[in-house]
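Peer 1: Handing over start-v7.pdb, PDB, C-alpha atoms and all ligand atoms.
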```pdb
ATOM      1  CA  MET A   1      86.932 230.480 103.508  1.00  0.00           C
ATOM      2  CA  THR A   2      85.776 227.796 101.016  1.00  0.00           C
ATOM      3  CA  PRO A   3      86.944 228.631  97.508  1.00  0.00           C
ATOM      4  CA  ILE A   4      84.197 229.341  94.996  1.00  0.00           C
ATOM      5  CA  ASP A   5      83.291 226.320  92.885  1.00  0.00           C
ATOM      6  CA  VAL A   6      81.875 228.041  89.819  1.00  0.00           C
ATOM      7  CA  THR A   7      80.952 224.785  88.109  1.00  0.00           C
ATOM      8  CA  ARG A   8      78.939 223.591  91.087  1.00  0.00           C
ATOM      9  CA  GLU A   9      77.260 226.989  91.356  1.00  0.00           C
ATOM     10  CA  LYS A  10      76.236 226.978  87.705  1.00  0.00           C
ATOM     11  CA  GLN A  11      74.972 223.424  88.029  1.00  0.00           C
ATOM     12  CA  ALA A  12      72.906 224.247  91.111  1.00  0.00           C
ATOM     13  CA  ALA A  13      71.278 227.273  89.458  1.00  0.00           C
ATOM     14  CA  ALA A  14      70.584 225.357  86.243  1.00  0.00           C
ATOM     15  CA  GLN A  15      69.110 222.392  88.100  1.00  0.00           C
ATOM     16  CA  GLU A  16      66.769 224.650  90.063  1.00  0.00           C
ATOM     17  CA  ALA A  17      65.629 226.450  86.915  1.00  0.00           C
ATOM     18  CA  ALA A  18      64.827 223.135  85.223  1.00  0.00           C
ATOM     19  CA  THR A  19      62.267 222.450  87.957  1.00  0.00           C
ATOM     20  CA  LEU A  20      60.357 225.623  86.984  1.00  0.00           C
ATOM     21  CA  VAL A  21      59.529 224.066  83.620  1.00  0.00           C
ATOM     22  CA  SER A  22      56.456 221.861  83.194  1.00  0.00           C
ATOM     23  CA  ASP A  23      55.593 219.376  80.495  1.00  0.00           C
ATOM     24  CA  GLY A  24      53.791 220.983  77.575  1.00  0.00           C
ATOM     25  CA  MET A  25      55.681 224.267  77.861  1.00  0.00           C
ATOM     26  CA  THR A  26      57.502 226.104  75.108  1.00  0.00           C
ATOM     27  CA  VAL A  27      60.935 226.924  76.513  1.00  0.00           C
ATOM     28  CA  GLY A  28      63.494 229.476  75.334  1.00  0.00           C
ATOM     29  CA  LEU A  29      67.051 228.226  75.795  1.00  0.00           C
ATOM     30  CA  GLY A  30      69.811 230.784  76.295  1.00  0.00           C
ATOM     31  CA  THR A  31      73.473 230.360  75.456  1.00  0.00           C
ATOM     32  CA  GLY A  32      76.658 229.786  77.400  1.00  0.00           C
ATOM     33  CA  SER A  33      78.363 227.592  79.956  1.00  0.00           C
ATOM     34  CA  THR A  34      75.589 227.900  82.564  1.00  0.00           C
ATOM     35  CA  VAL A  35      72.909 227.002  80.032  1.00  0.00           C
ATOM     36  CA  ALA A  36      75.050 223.985  79.076  1.00  0.00           C
ATOM     37  CA  PHE A  37      74.136 222.552  82.516  1.00  0.00           C
ATOM     38  CA  LEU A  38      70.474 223.378  82.009  1.00  0.00           C
ATOM     39  CA  LEU A  39      70.034 221.348  78.828  1.00  0.00           C
ATOM     40  CA  PRO A  40      70.676 217.843  80.242  1.00  0.00           C
ATOM     41  CA  ALA A  41      68.718 218.785  83.369  1.00  0.00           C
ATOM     42  CA  LEU A  42      65.715 219.711  81.231  1.00  0.00           C
ATOM     43  CA  ALA A  43      66.058 216.554  79.140  1.00  0.00           C
ATOM     44  CA  ASP A  44      66.157 214.431  82.325  1.00  0.00           C
ATOM     45  CA  LEU A  45      63.085 216.029  83.848  1.00  0.00           C
ATOM     46  CA  HIS A  46      60.825 216.657  80.871  1.00  0.00           C
ATOM     47  CA  ARG A  47      59.766 214.481  77.960  1.00  0.00           C
ATOM     48  CA  ASN A  48      57.283 216.834  76.400  1.00  0.00           C
ATOM     49  CA  ILE A  49      58.625 220.350  75.968  1.00  0.00           C
ATOM     50  CA  ARG A  50      59.229 222.362  72.807  1.00  0.00           C
ATOM     51  CA  CYS A  51      62.391 224.458  72.763  1.00  0.00           C
ATOM     52  CA  ILE A  52      63.663 227.526  70.938  1.00  0.00           C
ATOM     53  CA  ALA A  53      67.473 227.852  70.924  1.00  0.00           C
ATOM     54  CA  THR A  54      69.294 231.193  70.952  1.00  0.00           C
ATOM     55  CA  SER A  55      72.449 229.943  69.216  1.00  0.00           C
ATOM     56  CA  PRO A  56      73.668 227.136  66.987  1.00  0.00           C
ATOM     57  CA  GLN A  57      75.783 225.861  69.929  1.00  0.00           C
ATOM     58  CA  THR A  58      72.744 225.586  72.192  1.00  0.00           C
ATOM     59  CA  GLU A  59      70.669 224.031  69.444  1.00  0.00           C
ATOM     60  CA  SER A  60      73.297 221.381  68.815  1.00  0.00           C
ATOM     61  CA  ILE A  61      73.685 220.408  72.497  1.00  0.00           C
ATOM     62  CA  ALA A  62      69.928 220.499  73.036  1.00  0.00           C
ATOM     63  CA  ARG A  63      69.360 218.066  70.191  1.00  0.00           C
ATOM     64  CA  GLN A  64      72.183 215.816  71.424  1.00  0.00           C
ATOM     65  CA  VAL A  65      70.532 215.460  74.831  1.00  0.00           C
ATOM     66  CA  GLY A  66      67.179 214.716  73.194  1.00  0.00           C
ATOM     67  CA  LEU A  67      65.325 218.023  73.486  1.00  0.00           C
ATOM     68  CA  MET A  68      62.924 218.980  70.718  1.00  0.00           C
ATOM     69  CA  VAL A  69      64.120 222.243  69.117  1.00  0.00           C
ATOM     70  CA  GLU A  70      62.121 224.240  66.613  1.00  0.00           C
ATOM     71  CA  PRO A  71      62.808 227.437  64.693  1.00  0.00           C
ATOM     72  CA  PHE A  72      61.790 230.766  66.191  1.00  0.00           C
ATOM     73  CA  ARG A  73      59.686 231.958  63.331  1.00  0.00           C
ATOM     74  CA  ASP A  74      55.977 231.329  63.733  1.00  0.00           C
ATOM     75  CA  VAL A  75      55.972 230.946  67.517  1.00  0.00           C
ATOM     76  CA  ILE A  76      54.563 234.122  69.062  1.00  0.00           C
ATOM     77  CA  SER A  77      54.986 233.595  72.762  1.00  0.00           C
ATOM     78  CA  LEU A  78      57.053 231.289  74.958  1.00  0.00           C
ATOM     79  CA  ASP A  79      56.039 230.075  78.395  1.00  0.00           C
ATOM     80  CA  ILE A  80      59.476 230.531  79.882  1.00  0.00           C
ATOM     81  CA  ALA A  81      63.029 231.404  78.839  1.00  0.00           C
ATOM     82  CA  ILE A  82      66.118 230.517  80.861  1.00  0.00           C
ATOM     83  CA  ASP A  83      69.527 232.053  80.254  1.00  0.00           C
ATOM     84  CA  GLY A  84      72.826 233.001  81.852  1.00  0.00           C
ATOM     85  CA  ALA A  85      74.307 236.478  82.310  1.00  0.00           C
ATOM     86  CA  ASP A  86      77.721 238.101  82.400  1.00  0.00           C
ATOM     87  CA  GLN A  87      76.873 240.631  85.123  1.00  0.00           C
ATOM     88  CA  ILE A  88      73.840 241.047  87.371  1.00  0.00           C
ATOM     89  CA  ALA A  89      73.302 244.362  89.177  1.00  0.00           C
ATOM     90  CA  PRO A  90      71.362 244.547  92.487  1.00  0.00           C
ATOM     91  CA  ASP A  91      68.408 246.258  90.743  1.00  0.00           C
ATOM     92  CA  GLY A  92      68.168 243.503  88.097  1.00  0.00           C
ATOM     93  CA  TRP A  93      69.933 245.181  85.179  1.00  0.00           C
ATOM     94  CA  LEU A  94      72.000 242.615  83.258  1.00  0.00           C
ATOM     95  CA  ILE A  95      74.905 242.626  80.873  1.00  0.00           C
ATOM     96  CA  LYS A  96      74.728 239.755  78.409  1.00  0.00           C
ATOM     97  CA  GLY A  97      76.418 238.890  75.145  1.00  0.00           C
ATOM     98  CA  GLY A  98      79.847 237.717  76.285  1.00  0.00           C
ATOM     99  CA  GLY A  99      79.290 234.858  73.845  1.00  0.00           C
ATOM    100  CA  ALA A 100      77.820 237.164  71.165  1.00  0.00           C
ATOM    101  CA  ALA A 101      74.316 235.717  71.479  1.00  0.00           C
ATOM    102  CA  HIS A 102      72.564 238.728  73.035  1.00  0.00           C
ATOM    103  CA  THR A 103      70.408 239.706  70.038  1.00  0.00           C
ATOM    104  CA  ARG A 104      68.675 236.355  69.822  1.00  0.00           C
ATOM    105  CA  GLU A 105      68.653 236.075  73.601  1.00  0.00           C
ATOM    106  CA  LYS A 106      66.859 239.400  73.992  1.00  0.00           C
ATOM    107  CA  LEU A 107      64.247 238.443  71.401  1.00  0.00           C
ATOM    108  CA  VAL A 108      63.601 235.168  73.178  1.00  0.00           C
ATOM    109  CA  ALA A 109      63.536 236.791  76.637  1.00  0.00           C
ATOM    110  CA  ILE A 110      61.078 239.498  75.603  1.00  0.00           C
ATOM    111  CA  SER A 111      58.810 236.881  74.005  1.00  0.00           C
ATOM    112  CA  ALA A 112      58.634 234.743  77.147  1.00  0.00           C
ATOM    113  CA  GLN A 113      56.012 234.996  79.891  1.00  0.00           C
ATOM    114  CA  ARG A 114      58.786 234.424  82.405  1.00  0.00           C
ATOM    115  CA  PHE A 115      62.487 235.093  81.940  1.00  0.00           C
ATOM    116  CA  ILE A 116      64.689 233.253  84.418  1.00  0.00           C
ATOM    117  CA  VAL A 117      68.369 234.175  84.771  1.00  0.00           C
ATOM    118  CA  ILE A 118      70.758 231.527  86.086  1.00  0.00           C
ATOM    119  CA  ALA A 119      74.260 232.335  87.273  1.00  0.00           C
ATOM    120  CA  ASP A 120      77.141 231.535  89.566  1.00  0.00           C
ATOM    121  CA  SER A 121      77.861 233.949  92.391  1.00  0.00           C
ATOM    122  CA  THR A 122      80.718 235.692  90.551  1.00  0.00           C
ATOM    123  CA  LYS A 123      78.171 237.275  88.202  1.00  0.00           C
ATOM    124  CA  THR A 124      76.559 239.434  90.865  1.00  0.00           C
ATOM    125  CA  VAL A 125      78.117 242.907  90.997  1.00  0.00           C
ATOM    126  CA  ASN A 126      77.421 246.121  92.862  1.00  0.00           C
ATOM    127  CA  ASN A 127      77.629 248.194  89.692  1.00  0.00           C
ATOM    128  CA  LEU A 128      77.644 247.108  86.074  1.00  0.00           C
ATOM    129  CA  LYS A 129      81.039 247.531  84.492  1.00  0.00           C
ATOM    130  CA  GLY A 130      81.527 247.836  80.742  1.00  0.00           C
ATOM    131  CA  PRO A 131      82.084 246.984  78.077  1.00  0.00           C
ATOM    132  CA  VAL A 132      78.582 246.329  76.733  1.00  0.00           C
ATOM    133  CA  PRO A 133      78.445 243.806  73.887  1.00  0.00           C
ATOM    134  CA  VAL A 134      76.903 245.171  70.707  1.00  0.00           C
ATOM    135  CA  GLU A 135      75.820 243.609  67.437  1.00  0.00           C
ATOM    136  CA  LEU A 136      76.216 245.983  64.492  1.00  0.00           C
ATOM    137  CA  LEU A 137      74.954 245.901  60.941  1.00  0.00           C
ATOM    138  CA  ALA A 138      77.810 245.268  58.472  1.00  0.00           C
ATOM    139  CA  PHE A 139      76.296 247.839  56.102  1.00  0.00           C
ATOM    140  CA  GLY A 140      77.601 251.255  57.137  1.00  0.00           C
ATOM    141  CA  LEU A 141      79.841 249.732  59.813  1.00  0.00           C
ATOM    142  CA  GLY A 142      82.485 252.467  59.627  1.00  0.00           C
ATOM    143  CA  SER A 143      79.888 255.201  60.018  1.00  0.00           C
ATOM    144  CA  THR A 144      78.178 253.419  62.946  1.00  0.00           C
ATOM    145  CA  LEU A 145      81.511 252.906  64.704  1.00  0.00           C
ATOM    146  CA  HIS A 146      82.314 256.573  64.234  1.00  0.00           C
ATOM    147  CA  ARG A 147      79.003 257.651  65.804  1.00  0.00           C
ATOM    148  CA  LEU A 148      79.312 255.205  68.702  1.00  0.00           C
ATOM    149  CA  GLY A 149      82.877 256.274  69.391  1.00  0.00           C
ATOM    150  CA  ASN A 150      84.246 253.804  71.845  1.00  0.00           C
ATOM    151  CA  VAL A 151      83.772 250.332  70.323  1.00  0.00           C
ATOM    152  CA  THR A 152      86.278 247.525  69.835  1.00  0.00           C
ATOM    153  CA  LEU A 153      85.418 244.784  67.363  1.00  0.00           C
ATOM    154  CA  ARG A 154      85.740 241.195  68.550  1.00  0.00           C
ATOM    155  CA  GLU A 155      88.341 238.910  67.117  1.00  0.00           C
ATOM    156  CA  GLY A 156      87.234 235.602  68.594  1.00  0.00           C
ATOM    157  CA  VAL A 157      83.546 235.585  67.596  1.00  0.00           C
ATOM    158  CA  PRO A 158      83.321 238.387  65.027  1.00  0.00           C
ATOM    159  CA  HIS A 159      79.855 237.559  63.622  1.00  0.00           C
ATOM    160  CA  SER A 160      76.508 236.608  65.069  1.00  0.00           C
ATOM    161  CA  PRO A 161      74.687 233.684  63.442  1.00  0.00           C
ATOM    162  CA  ASP A 162      72.600 236.353  61.701  1.00  0.00           C
ATOM    163  CA  GLY A 163      75.632 238.017  60.107  1.00  0.00           C
ATOM    164  CA  GLY A 164      75.927 240.974  62.489  1.00  0.00           C
ATOM    165  CA  ILE A 165      79.354 242.269  63.493  1.00  0.00           C
ATOM    166  CA  ILE A 166      80.084 241.768  67.188  1.00  0.00           C
ATOM    167  CA  GLY A 167      81.883 244.412  69.209  1.00  0.00           C
ATOM    168  CA  ASP A 168      82.061 245.885  72.702  1.00  0.00           C
ATOM    169  CA  TYR A 169      81.038 249.389  73.652  1.00  0.00           C
ATOM    170  CA  HIS A 170      83.365 250.946  76.245  1.00  0.00           C
ATOM    171  CA  GLY A 171      81.468 254.166  76.947  1.00  0.00           C
ATOM    172  CA  ARG A 172      79.716 255.401  80.099  1.00  0.00           C
ATOM    173  CA  LEU A 173      77.601 252.998  82.090  1.00  0.00           C
ATOM    174  CA  ASP A 174      76.719 254.899  85.267  1.00  0.00           C
ATOM    175  CA  ASP A 175      73.096 255.128  84.053  1.00  0.00           C
ATOM    176  CA  PRO A 176      72.295 251.834  82.244  1.00  0.00           C
ATOM    177  CA  GLN A 177      68.840 253.113  81.211  1.00  0.00           C
ATOM    178  CA  SER A 178      70.230 256.039  79.243  1.00  0.00           C
ATOM    179  CA  THR A 179      73.119 254.022  77.764  1.00  0.00           C
ATOM    180  CA  ALA A 180      70.607 251.360  76.683  1.00  0.00           C
ATOM    181  CA  ALA A 181      68.293 253.986  75.162  1.00  0.00           C
ATOM    182  CA  TRP A 182      71.171 255.671  73.352  1.00  0.00           C
ATOM    183  CA  LEU A 183      72.506 252.401  71.922  1.00  0.00           C
ATOM    184  CA  SER A 184      69.010 251.295  70.896  1.00  0.00           C
ATOM    185  CA  GLY A 185      68.417 254.637  69.193  1.00  0.00           C
ATOM    186  CA  THR A 186      71.657 254.569  67.195  1.00  0.00           C
ATOM    187  CA  PRO A 187      71.079 253.451  63.603  1.00  0.00           C
ATOM    188  CA  GLY A 188      73.303 250.511  62.700  1.00  0.00           C
ATOM    189  CA  VAL A 189      73.119 248.993  66.197  1.00  0.00           C
ATOM    190  CA  VAL A 190      71.194 245.770  65.761  1.00  0.00           C
ATOM    191  CA  GLU A 191      71.106 245.066  69.514  1.00  0.00           C
ATOM    192  CA  HIS A 192      73.109 245.610  72.676  1.00  0.00           C
ATOM    193  CA  GLY A 193      73.685 243.448  75.732  1.00  0.00           C
ATOM    194  CA  LEU A 194      71.977 245.620  78.375  1.00  0.00           C
ATOM    195  CA  PHE A 195      68.828 243.853  79.590  1.00  0.00           C
ATOM    196  CA  PRO A 196      66.489 245.955  81.795  1.00  0.00           C
ATOM    197  CA  PRO A 197      64.964 244.621  85.032  1.00  0.00           C
ATOM    198  CA  GLU A 198      61.467 244.834  83.475  1.00  0.00           C
ATOM    199  CA  MET A 199      62.480 241.945  81.257  1.00  0.00           C
ATOM    200  CA  VAL A 200      63.618 239.717  84.116  1.00  0.00           C
ATOM    201  CA  THR A 201      61.245 237.625  86.216  1.00  0.00           C
ATOM    202  CA  THR A 202      63.604 235.759  88.540  1.00  0.00           C
ATOM    203  CA  ILE A 203      67.335 235.531  89.129  1.00  0.00           C
ATOM    204  CA  ILE A 204      68.682 232.246  90.460  1.00  0.00           C
ATOM    205  CA  VAL A 205      72.233 232.351  91.809  1.00  0.00           C
ATOM    206  CA  GLY A 206      73.959 229.100  92.714  1.00  0.00           C
ATOM    207  CA  HIS A 207      76.282 228.789  95.674  1.00  0.00           C
ATOM    208  CA  THR A 208      79.266 226.543  96.258  1.00  0.00           C
ATOM    209  CA  ASN A 209      77.404 224.592  98.982  1.00  0.00           C
ATOM    210  CA  GLY A 210      74.899 223.548  96.283  1.00  0.00           C
ATOM    211  CA  LYS A 211      72.140 225.851  97.546  1.00  0.00           C
ATOM    212  CA  VAL A 212      70.533 228.526  95.415  1.00  0.00           C
ATOM    213  CA  GLU A 213      69.269 232.008  96.106  1.00  0.00           C
ATOM    214  CA  GLN A 214      66.234 233.187  94.136  1.00  0.00           C
ATOM    215  CA  ARG A 215      65.367 236.821  93.659  1.00  0.00           C
ATOM    216  CA  ILE A 216      62.095 237.918  92.084  1.00  0.00           C
ATOM    217  CA  ILE A 217      62.710 241.011  89.980  1.00  0.00           C
ATOM    218  CA  THR A 218      59.354 241.601  88.303  1.00  0.00           C
ATOM    219  CA  ASN A 219      56.133 239.666  87.998  1.00  0.00           C
ATOM    220  CA  ASN A 220      56.009 240.545  84.268  1.00  0.00           C
ATOM    221  CA  GLY A 221      52.435 241.703  84.629  1.00  0.00           C
ATOM    222  CA  GLN A 222      51.180 238.317  85.864  1.00  0.00           C
TER
HETATM  223  O1  LIG B 301      76.236 235.670  74.585  1.00  0.00           O
HETATM  224  C1  LIG B 301      76.235 234.960  75.586  1.00  0.00           C
HETATM  225  C2  LIG B 301      75.264 235.025  76.643  1.00  0.00           C
HETATM  226  O2  LIG B 301      74.709 236.276  76.899  1.00  0.00           O
HETATM  227  C3  LIG B 301      75.564 234.240  77.917  1.00  0.00           C
HETATM  228  O3  LIG B 301      74.340 233.944  78.481  1.00  0.00           O
HETATM  229  C4  LIG B 301      76.425 234.983  78.897  1.00  0.00           C
HETATM  230  O4  LIG B 301      77.627 235.374  78.265  1.00  0.00           O
HETATM  231  C5  LIG B 301      76.740 234.122  80.139  1.00  0.00           C
HETATM  232  O5  LIG B 301      77.475 233.013  79.754  1.00  0.00           O
HETATM  233  P1  LIG B 301      78.050 231.964  80.793  1.00  0.00           P
HETATM  234  O6  LIG B 301      76.901 231.212  81.351  1.00  0.00           O
HETATM  235  O7  LIG B 301      78.969 231.105  79.982  1.00  0.00           O
HETATM  236  O8  LIG B 301      78.797 232.735  81.827  1.00  0.00           O
END
```
Before we go any further, please render this structure as structure tokens.
Ligand SMILES: O=C[C@H](O)[C@H](O)[C@H](O)COP(=O)(O)O
Peer 2:
Amino acid sequence: MTPIDVTREKQAAAQEAATLVSDGMTVGLGTGSTVAFLLPALADLHRNIRCIATSPQTESIARQVGLMVEPFRDVISLDIAIDGADQIAPDGWLIKGGGAAHTREKLVAISAQRFIVIADSTKTVNNLKGPVPVELLAFGLGSTLHRLGNVTLREGVPHSPDGGIIGDYHGRLDDPQSTAAWLSGTPGVVEHGLFPPEMVTTIIVGHTNGKVEQRIITNNGQ
């Protein structure tokens, strides 16, 4: 069996996603190693797009390759957002936030007409497995951690660019909907890394032979 070439798979998915963008669009840029392949592909294909970046890392690379990045402040709606994922379940639930960017990523995804997920084949799983990344408010941190129970704080990337404390929730995940609702309803949780299928338009998975597999998850009301 051919060994998996994760780099080639990421590249293939990113390249395909870049072709879904048209000149004139406002494009949300996710974060991570898969998105790192998307940025030059977008810059090669499109001269006239406006971009919103979900992290300082993405913003810096995007500018280096010549993309026009603007702040996400007065923009109300994006035409498309493209981002990676840590795990992709068969029903379209995602875990994101391995790189601590999930709060901004979720805001960008929910604001986009179409949210495209790009990934290598190792990201597809039969069942989501924890932990779920969480961003927590520093104020009251001890109390929030006590109520959540099973959270470890990150050492590598302890803060989001917005000052939130990054951790990982190790609790139950057999019903992502109820875990997501519980985390969202817990005061002190700024955002968690569970993304529901309703948020996802299309998943593009790259394969080692350079081909991609596209799965439509929802038409986002279009
Ligand atoms: O916080 C990071 C993001 O959610 C990434 O999109 C996710 O971790 C996937 O990253 P990568 O493309 O590097 O696997």
Peer 1: With distances taken over all atoms listed in the file, which of A:Leu148, A:Leu173, A:Ile204, A:Ala12 is nearest to Gly185 in chain A?
Peer 2: A:Leu148
Peer 1: Counting only C-alpha atoms and all ligand atoms, which protein, DNA or RNA residues come within 10 Å of ligand LIG 301 (chain B), given as a PDB file with C-alpha atoms, in the coordinates of the input?
Peer 2:
```pdb
ATOM      1  CA  VAL A   6      81.875 228.041  89.819  1.00  0.00           C
ATOM      2  CA  LYS A  10      76.236 226.978  87.705  1.00  0.00           C
ATOM      3  CA  ALA A  14      70.584 225.357  86.243  1.00  0.00           C
ATOM      4  CA  LEU A  29      67.051 228.226  75.795  1.00  0.00           C
ATOM      5  CA  GLY A  30      69.811 230.784  76.295  1.00  0.00           C
ATOM      6  CA  THR A  31      73.473 230.360  75.456  1.00  0.00           C
ATOM      7  CA  GLY A  32      76.658 229.786  77.400  1.00  0.00           C
ATOM      8  CA  SER A  33      78.363 227.592  79.956  1.00  0.00           C
ATOM      9  CA  THR A  34      75.589 227.900  82.564  1.00  0.00           C
ATOM     10  CA  VAL A  35      72.909 227.002  80.032  1.00  0.00           C
ATOM     11  CA  ALA A  36      75.050 223.985  79.076  1.00  0.00           C
ATOM     12  CA  PHE A  37      74.136 222.552  82.516  1.00  0.00           C
ATOM     13  CA  THR A  54      69.294 231.193  70.952  1.00  0.00           C
ATOM     14  CA  SER A  55      72.449 229.943  69.216  1.00  0.00           C
ATOM     15  CA  ILE A  82      66.118 230.517  80.861  1.00  0.00           C
ATOM     16  CA  ASP A  83      69.527 232.053  80.254  1.00  0.00           C
ATOM     17  CA  GLY A  84      72.826 233.001  81.852  1.00  0.00           C
ATOM     18  CA  ALA A  85      74.307 236.478  82.310  1.00  0.00           C
ATOM     19  CA  ASP A  86      77.721 238.101  82.400  1.00  0.00           C
ATOM     20  CA  GLN A  87      76.873 240.631  85.123  1.00  0.00           C
ATOM     21  CA  LEU A  94      72.000 242.615  83.258  1.00  0.00           C
ATOM     22  CA  ILE A  95      74.905 242.626  80.873  1.00  0.00           C
ATOM     23  CA  LYS A  96      74.728 239.755  78.409  1.00  0.00           C
ATOM     24  CA  GLY A  97      76.418 238.890  75.145  1.00  0.00           C
ATOM     25  CA  GLY A  98      79.847 237.717  76.285  1.00  0.00           C
ATOM     26  CA  GLY A  99      79.290 234.858  73.845  1.00  0.00           C
ATOM     27  CA  ALA A 100      77.820 237.164  71.165  1.00  0.00           C
ATOM     28  CA  ALA A 101      74.316 235.717  71.479  1.00  0.00           C
ATOM     29  CA  HIS A 102      72.564 238.728  73.035  1.00  0.00           C
ATOM     30  CA  THR A 103      70.408 239.706  70.038  1.00  0.00           C
ATOM     31  CA  ARG A 104      68.675 236.355  69.822  1.00  0.00           C
ATOM     32  CA  GLU A 105      68.653 236.075  73.601  1.00  0.00           C
ATOM     33  CA  LYS A 106      66.859 239.400  73.992  1.00  0.00           C
ATOM     34  CA  VAL A 117      68.369 234.175  84.771  1.00  0.00           C
ATOM     35  CA  ILE A 118      70.758 231.527  86.086  1.00  0.00           C
ATOM     36  CA  ALA A 119      74.260 232.335  87.273  1.00  0.00           C
ATOM     37  CA  ASP A 120      77.141 231.535  89.566  1.00  0.00           C
ATOM     38  CA  THR A 122      80.718 235.692  90.551  1.00  0.00           C
ATOM     39  CA  LYS A 123      78.171 237.275  88.202  1.00  0.00           C
ATOM     40  CA  PRO A 133      78.445 243.806  73.887  1.00  0.00           C
ATOM     41  CA  SER A 160      76.508 236.608  65.069  1.00  0.00           C
ATOM     42  CA  GLY A 193      73.685 243.448  75.732  1.00  0.00           C
ATOM     43  CA  LEU A 194      71.977 245.620  78.375  1.00  0.00           C
ATOM     44  CA  PHE A 195      68.828 243.853  79.590  1.00  0.00           C
TER      45      PHE A 195
END
```
Peer 1: I need the residue nearest Gly24 in chain A from this list: A:Arg50, A:Lys129, A:Lys211, A:Arg8. Use all atoms listed in the file for the distance.
Peer 2: A:Arg50
Peer 1: Would you compute the distance between CA of Val134 in chain A and CA of Asp168 in chain A? Give it in Å to one decimal.
Peer 2: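 Taking CA of Val134 in chain A as the start and CA of Asp168 in chain A as the end point, the length is 5.6 Å.
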Peer 1: Considering all atoms listed in the file, state which residue in the set A:Thr19, A:Leu107, A:Asn127, A:Arg172 is at the smallest distance from Ile88 in chain A.
Peer 2: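 Using all atoms listed in the file, the shortest distance to Ile88 in chain A belongs to A:Asn127.
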Peer 1: Between CA of Ala112 in chain A and CA of Pro56 in chain A, what is the distance in Å, rounded to a tenth?
Peer 2: 19.7 Å
Peer 1: If the PyMOL selection byres (((chain A and resi 209) around 12) and not hetatm) were run on this exact file, what residues would it hold? Put them as a ChimeraX atom specification.
Peer 2: /A:2-13,120-121,205-208,210-213
Peer 1: What lies within 7 Å of range 149-159 of chain A using all atoms listed in the file, ignoring chain neighbours under 3 positions off, as a short mmCIF file (atom, residue, chain, number, x, y, z; two decimals) with C-alpha atoms, in the coordinates of the input?
Peer 2:
```cif
data_model
loop_
_atom_site.label_atom_id
_atom_site.label_comp_id
_atom_site.auth_asym_id
_atom_site.auth_seq_id
_atom_site.Cartn_x
_atom_site.Cartn_y
_atom_site.Cartn_z
CA ALA A 100 77.82 237.16 71.17
CA LEU A 145 81.51 252.91 64.70
CA HIS A 146 82.31 256.57 64.23
CA GLY A 163 75.63 238.02 60.11
CA GLY A 164 75.93 240.97 62.49
CA ILE A 165 79.35 242.27 63.49
CA ILE A 166 80.08 241.77 67.19
CA GLY A 167 81.88 244.41 69.21
CA ASP A 168 82.06 245.88 72.70
CA TYR A 169 81.04 249.39 73.65
CA HIS A 170 83.36 250.95 76.24
CA GLY A 171 81.47 254.17 76.95
#
```
Peer 1: Name the residues that the PyMOL selection byres (((chain A and resi 69-80) around 8) and not hetatm) picks from the file above, as JSON, numbers by chain, using the file's chain letters and numbers.
Peer 2: {"A": [21, 25, 26, 27, 28, 50, 51, 52, 53, 59, 62, 63, 67, 68, 81, 82, 108, 111, 112, 113, 114, 115, 116]}
Peer 1: Would you translate the PyMOL selection byres (((chain A and resi 92) around 7) and not hetatm) into the concrete set of residues it matches in this file, as a PyMOL selection string?
Peer 2: chain A and resi 88-91+93-94+196-197+217
Peer 1: Hey, which of A:Leu38, A:Ser60, A:Leu136, A:Val65 ends up closest to Ser184 in chain A? Count only C-alpha atoms.
Peer 2: A:Leu136
Peer 1: Please compute the CA of Met199 in chain A-CA of Pro176 in chain A distance, one decimal, in Å.
Peer 2: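 Separation between CA of Met199 in chain A and CA of Pro176 in chain A: 14.0 Å.
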Peer 1: Compute the distance from (74.1, 255.2, 64.7) to each atom, counting only C-alpha atoms, keep the residues with any atom at most 7 Å away, and return them as a ChimeraX atom specification; use the coordinates of the file.
Peer 2: /A:144,147-148,186-189
Peer 1: Hey, which of A:Asp44, A:Glu16, A:Asp162, A:Glu191 ends up closest to Gly66 in chain A? Count only C-alpha atoms.
Peer 2: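 Selected residue with least distance to Gly66 in chain A: A:Asp44.
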Peer 1: To box range 203-220 of chain A, take all atoms listed in the file, fit an axis-aligned box, add 8 Å on each side, and give centre and edge lengths in Å to one decimal, as AutoDock Vina command-line options.
Peer 2:
```
--center_x 67.6 --center_y 232.6 --center_z 91.6 --size_x 39.3 --size_y 34.1 --size_z 30.7
```
Peer 1: Which residue gives the smallest distance to Ala17 in chain A among A:Ile216, A:Ile203, A:Ala138, A:Ala180, with all atoms listed in the file counted?
Peer 2: A:Ile203
Peer 1: Extract range 34-45 of chain A from the preceding block and save C-alpha atoms as a compact mmCIF listing (two decimals), in the first residue's frame.
Peer 2:
```txt
# COMPACT_ATOMS: atom_id res chain seq x y z
CA THR A 34 -3.29 23.09 5.47
CA VAL A 35 -4.28 26.74 5.14
CA ALA A 36 -0.57 27.54 4.66
CA PHE A 37 -0.89 25.79 1.26
CA LEU A 38 -4.06 27.69 0.45
CA LEU A 39 -2.54 31.16 0.77
CA PRO A 40 -0.03 31.00 -2.12
CA ALA A 41 -2.61 29.15 -4.22
CA LEU A 42 -5.09 31.98 -3.70
CA ALA A 43 -2.44 34.61 -4.43
CA ASP A 44 -1.51 32.81 -7.68
CA LEU A 45 -5.08 32.54 -8.90
```
